[in-house]
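Asks: See upload.cif below, with mmCIF, N, CA and C atoms.
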```
data_upload
#
loop_
_atom_site.label_atom_id
_atom_site.label_comp_id
_atom_site.auth_asym_id
_atom_site.auth_seq_id
_atom_site.Cartn_x
_atom_site.Cartn_y
_atom_site.Cartn_z
N MET A 1 120.01 114.46 104.34
CA MET A 1 120.55 113.28 104.99
C MET A 1 119.44 112.30 105.37
N ALA A 2 118.18 112.71 105.23
CA ALA A 2 117.09 111.81 105.60
C ALA A 2 117.14 110.52 104.78
N ARG A 3 117.35 110.65 103.50
CA ARG A 3 117.39 109.46 102.64
C ARG A 3 118.59 108.60 102.98
N SER A 4 119.78 109.22 103.11
CA SER A 4 120.96 108.42 103.42
C SER A 4 120.90 107.88 104.85
N GLY A 5 120.20 108.55 105.73
CA GLY A 5 120.03 108.05 107.09
C GLY A 5 119.28 106.72 107.09
N LYS A 6 118.27 106.61 106.24
CA LYS A 6 117.53 105.35 106.12
C LYS A 6 118.43 104.26 105.55
N ILE A 7 119.24 104.64 104.56
CA ILE A 7 120.16 103.66 103.96
C ILE A 7 121.17 103.20 105.00
N LEU A 8 121.70 104.14 105.79
CA LEU A 8 122.67 103.78 106.84
C LEU A 8 122.06 102.81 107.84
N ASN A 9 120.84 103.06 108.25
CA ASN A 9 120.18 102.15 109.19
C ASN A 9 120.04 100.76 108.60
N ARG A 10 119.66 100.70 107.33
CA ARG A 10 119.53 99.39 106.66
C ARG A 10 120.90 98.72 106.51
N MET A 11 121.95 99.53 106.24
CA MET A 11 123.30 98.98 106.12
C MET A 11 123.73 98.32 107.44
N ARG A 12 123.39 98.94 108.55
CA ARG A 12 123.78 98.40 109.86
C ARG A 12 122.99 97.13 110.18
N ARG A 13 121.74 97.07 109.77
CA ARG A 13 120.91 95.90 110.05
C ARG A 13 121.18 94.74 109.11
N GLN A 14 121.35 95.04 107.81
CA GLN A 14 121.49 93.99 106.79
C GLN A 14 122.61 94.31 105.81
N PRO A 15 123.86 94.19 106.21
CA PRO A 15 124.95 94.56 105.30
C PRO A 15 125.02 93.70 104.05
N GLY A 16 124.41 92.54 104.05
CA GLY A 16 124.44 91.67 102.89
C GLY A 16 123.33 91.93 101.90
N ASN A 17 122.48 92.90 102.17
CA ASN A 17 121.32 93.15 101.31
C ASN A 17 121.23 94.63 100.95
N ILE A 18 122.33 95.19 100.45
CA ILE A 18 122.38 96.61 100.11
C ILE A 18 122.68 96.75 98.62
N ARG A 19 121.93 97.61 97.96
CA ARG A 19 122.21 97.87 96.54
C ARG A 19 123.48 98.70 96.42
N PHE A 20 124.23 98.43 95.36
CA PHE A 20 125.47 99.17 95.11
C PHE A 20 125.17 100.66 94.96
N SER A 21 124.10 100.99 94.27
CA SER A 21 123.77 102.41 94.06
C SER A 21 123.50 103.12 95.39
N ASP A 22 122.88 102.44 96.34
CA ASP A 22 122.64 103.04 97.66
C ASP A 22 123.95 103.23 98.42
N LEU A 23 124.82 102.23 98.37
CA LEU A 23 126.11 102.35 99.05
C LEU A 23 126.92 103.48 98.44
N LYS A 24 126.91 103.59 97.14
CA LYS A 24 127.66 104.66 96.47
C LYS A 24 127.10 106.02 96.85
N LYS A 25 125.78 106.14 96.96
CA LYS A 25 125.14 107.39 97.36
C LYS A 25 125.64 107.83 98.74
N VAL A 26 125.69 106.89 99.68
CA VAL A 26 126.17 107.19 101.03
C VAL A 26 127.64 107.59 100.99
N CYS A 27 128.44 106.87 100.22
CA CYS A 27 129.87 107.18 100.13
C CYS A 27 130.11 108.56 99.55
N VAL A 28 129.35 108.94 98.53
CA VAL A 28 129.50 110.27 97.93
C VAL A 28 129.15 111.34 98.96
N GLU A 29 128.13 111.10 99.77
CA GLU A 29 127.73 112.08 100.78
C GLU A 29 128.82 112.26 101.84
N PHE A 30 129.46 111.19 102.26
CA PHE A 30 130.44 111.28 103.33
C PHE A 30 131.86 111.54 102.84
N PHE A 31 132.23 111.03 101.67
CA PHE A 31 133.62 111.11 101.22
C PHE A 31 133.83 111.96 99.97
N GLY A 32 132.75 112.44 99.35
CA GLY A 32 132.87 113.22 98.13
C GLY A 32 132.85 112.31 96.91
N PRO A 33 133.06 112.90 95.74
CA PRO A 33 132.99 112.09 94.52
C PRO A 33 134.11 111.05 94.47
N PRO A 34 133.85 109.92 93.84
CA PRO A 34 134.88 108.87 93.75
C PRO A 34 136.02 109.32 92.86
N ARG A 35 137.22 108.86 93.19
CA ARG A 35 138.37 109.20 92.34
C ARG A 35 138.51 108.22 91.19
N GLN A 36 137.78 107.12 91.23
CA GLN A 36 137.76 106.18 90.11
C GLN A 36 136.34 105.70 89.90
N THR A 37 135.90 105.75 88.66
CA THR A 37 134.59 105.20 88.29
C THR A 37 134.74 104.58 86.91
N GLY A 38 133.67 104.08 86.38
CA GLY A 38 133.68 103.52 85.04
C GLY A 38 133.98 102.04 85.01
N THR A 39 134.35 101.48 86.14
CA THR A 39 134.56 100.04 86.25
C THR A 39 133.58 99.51 87.27
N SER A 40 133.75 98.29 87.69
CA SER A 40 132.86 97.74 88.72
C SER A 40 133.23 98.29 90.10
N HIS A 41 134.34 99.00 90.21
CA HIS A 41 134.80 99.57 91.48
C HIS A 41 134.60 101.08 91.51
N ALA A 42 134.38 101.60 92.71
CA ALA A 42 134.40 103.04 92.95
C ALA A 42 135.31 103.24 94.17
N ILE A 43 136.28 104.13 94.05
CA ILE A 43 137.25 104.35 95.11
C ILE A 43 137.10 105.77 95.62
N PHE A 44 136.94 105.90 96.95
CA PHE A 44 136.73 107.18 97.59
C PHE A 44 137.90 107.49 98.51
N LYS A 45 138.30 108.75 98.56
CA LYS A 45 139.40 109.19 99.42
C LYS A 45 138.86 109.53 100.81
N THR A 46 139.65 109.20 101.82
CA THR A 46 139.30 109.55 103.20
C THR A 46 140.31 110.56 103.74
N PRO A 47 139.96 111.32 104.77
CA PRO A 47 140.84 112.40 105.24
C PRO A 47 141.94 111.97 106.21
N TRP A 48 142.14 110.70 106.46
CA TRP A 48 143.16 110.29 107.41
C TRP A 48 144.34 109.65 106.69
N PRO A 49 145.52 109.68 107.31
CA PRO A 49 146.69 109.06 106.69
C PRO A 49 146.67 107.54 106.84
N GLY A 50 147.58 106.90 106.18
CA GLY A 50 147.63 105.44 106.22
C GLY A 50 147.07 104.89 104.93
N ASP A 51 145.98 104.17 105.02
CA ASP A 51 145.31 103.65 103.84
C ASP A 51 144.08 104.54 103.59
N PRO A 52 144.30 105.67 102.94
CA PRO A 52 143.23 106.69 102.86
C PRO A 52 142.26 106.46 101.71
N ARG A 53 141.60 105.30 101.72
CA ARG A 53 140.61 105.06 100.66
C ARG A 53 139.54 104.08 101.12
N VAL A 54 138.41 104.21 100.48
CA VAL A 54 137.30 103.28 100.64
C VAL A 54 137.02 102.75 99.25
N ASN A 55 137.04 101.45 99.10
CA ASN A 55 136.85 100.80 97.81
C ASN A 55 135.56 99.99 97.87
N ILE A 56 134.63 100.28 96.95
CA ILE A 56 133.40 99.50 96.89
C ILE A 56 133.28 98.89 95.49
N GLN A 57 132.57 97.78 95.41
CA GLN A 57 132.50 97.03 94.16
C GLN A 57 131.07 96.64 93.85
N ASN A 58 130.68 96.84 92.59
CA ASN A 58 129.36 96.45 92.12
C ASN A 58 129.39 94.97 91.78
N ASP A 59 128.55 94.20 92.44
CA ASP A 59 128.48 92.76 92.22
C ASP A 59 127.07 92.42 91.75
N GLY A 60 126.81 92.69 90.48
CA GLY A 60 125.48 92.42 89.93
C GLY A 60 124.40 93.30 90.51
N GLY A 61 124.73 94.54 90.78
CA GLY A 61 123.76 95.48 91.34
C GLY A 61 123.76 95.52 92.86
N LYS A 62 124.41 94.58 93.49
CA LYS A 62 124.49 94.53 94.95
C LYS A 62 125.88 94.96 95.42
N ALA A 63 125.96 95.42 96.65
CA ALA A 63 127.24 95.73 97.28
C ALA A 63 127.70 94.50 98.04
N LYS A 64 128.99 94.32 98.11
CA LYS A 64 129.53 93.18 98.88
C LYS A 64 129.42 93.51 100.37
N ALA A 65 128.99 92.52 101.15
CA ALA A 65 128.72 92.74 102.58
C ALA A 65 129.96 93.21 103.33
N TYR A 66 131.13 92.65 103.04
CA TYR A 66 132.32 93.06 103.77
C TYR A 66 132.68 94.51 103.44
N GLN A 67 132.38 94.97 102.24
CA GLN A 67 132.65 96.36 101.88
C GLN A 67 131.65 97.30 102.54
N VAL A 68 130.42 96.86 102.70
CA VAL A 68 129.43 97.65 103.44
C VAL A 68 129.92 97.84 104.87
N ARG A 69 130.42 96.78 105.49
CA ARG A 69 130.94 96.89 106.86
C ARG A 69 132.16 97.82 106.91
N GLN A 70 133.02 97.78 105.90
CA GLN A 70 134.18 98.67 105.86
C GLN A 70 133.74 100.13 105.74
N VAL A 71 132.72 100.39 104.93
CA VAL A 71 132.20 101.75 104.79
C VAL A 71 131.63 102.22 106.12
N LEU A 72 130.90 101.36 106.82
CA LEU A 72 130.35 101.73 108.12
C LEU A 72 131.46 102.08 109.11
N LEU A 73 132.53 101.30 109.12
CA LEU A 73 133.67 101.60 110.00
C LEU A 73 134.29 102.95 109.65
N ALA A 74 134.42 103.23 108.36
CA ALA A 74 135.00 104.51 107.93
C ALA A 74 134.09 105.68 108.31
N ILE A 75 132.79 105.50 108.18
CA ILE A 75 131.85 106.56 108.57
C ILE A 75 131.90 106.77 110.08
N ASP A 76 131.97 105.70 110.85
CA ASP A 76 132.09 105.83 112.30
C ASP A 76 133.37 106.57 112.67
N ARG A 77 134.45 106.28 111.96
CA ARG A 77 135.72 106.97 112.22
C ARG A 77 135.60 108.47 111.89
N LEU A 78 134.94 108.79 110.77
CA LEU A 78 134.72 110.20 110.43
C LEU A 78 133.91 110.91 111.52
N GLU A 79 132.88 110.25 111.98
CA GLU A 79 132.02 110.86 113.00
C GLU A 79 132.76 111.04 114.32
N SER A 80 133.67 110.13 114.62
CA SER A 80 134.44 110.27 115.86
C SER A 80 135.45 111.41 115.76
N MET A 81 135.80 111.79 114.52
CA MET A 81 136.72 112.92 114.29
C MET A 81 135.97 114.23 114.23
N ASP A 82 134.64 114.21 114.40
CA ASP A 82 133.79 115.39 114.25
C ASP A 82 133.96 115.99 112.87
N TYR A 83 134.01 115.15 111.87
CA TYR A 83 134.17 115.58 110.49
C TYR A 83 132.82 115.91 109.90
N GLU A 84 132.72 117.03 109.21
CA GLU A 84 131.50 117.42 108.51
C GLU A 84 131.77 117.35 107.02
N PRO A 85 130.99 116.56 106.26
CA PRO A 85 131.20 116.47 104.82
C PRO A 85 130.82 117.75 104.10
#
```
Will you turn the file into structure tokens for me?
Replies:
Amino acid sequence: MARSGKILNRMRRQPGNIRFSDLKKVCVEFFGPPRQTGTSHAIFKTPWPGDPRVNIQNDGGKAKAYQVRQVLLAIDRLESMDYEP
């Protein structure tokens, strides 16, 4: 988690300057493998009911800032549930 911990810190400080590959790495660690790949989108399943997914999009090698913020909210929600990946 040391590597993803650094990425998480950078995500919180600069959500508009995150590489898609780094965001995907963090999502795989917290949510498991994506249920969709091969396109510009990667969709991850979350353990709660309602809208149980996290959708991230590759935008020329960068992650979209609003999606970085959505991932951070989902990770915070997982941590508040005492969820262990």
Asks: Give me, as a PyMOL selection string, the residues of range 1-64 of chain A that a backbone DSSP run labels helix (DSSP H, G or I).
Replies: chain A and resi 2-13+20-31
Asks: Can you translate the PyMOL selection byres ((chain A and resi 1-17) around 5) into the concrete residues it hits in this file, as JSON, numbers by chain?
Replies: {"A": [18, 19, 65]}
Asks: Please list, as a ChimeraX atom specification, the residues that have an atom at most 12 Å away from (132.9, 112.9, 94.4) in the coordinates of this file, counting only C-alpha atoms.
Replies: /A:24-37,42-46,85
Asks: Between CA of Ser80 in chain A and atom C of Trp48 in chain A, what is the distance, to one decimal in Å?
Replies: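 Going from CA of Ser80 in chain A over to atom C of Trp48 in chain A, I get 13.5 Å.
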Asks: Could you write out, as an MDAnalysis selection string, all the residues of chain A that DSSP marks as strand (DSSP E or B)?
Replies: chainID A and resid 19 36 41:45 53:59 62:63
Asks: Report as a ChimeraX atom specification the full result of the PyMOL selection byres (((chain A and resi 40 and name CA) around 10) and name CA) when it is applied to this structure.
Replies: /A:20,36-39,41-42,56-61
Asks: For atom N of Ala74 in chain A and CA of Arg53 in chain A, determine how far apart the two atoms are, in Å to one decimal place.
Replies: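 These two atoms are separated by 10.0 Å.
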Asks: Go ahead and compute the interatomic distance for atom N of Gly50 in chain A and atom C of Leu23 in chain A, in Å to one decimal.
Replies: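 Value for the atom N of Gly50 in chain A-atom C of Leu23 in chain A distance: 22.3 Å.
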Asks: Rank nothing, just name the residue among A:Gln70, A:Asp76, A:Ser21, A:Met81 nearest to Val54 in chain A, using only N, CA and C atoms.
Replies: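 Under the stated criterion, the closest residue is A:Gln70.
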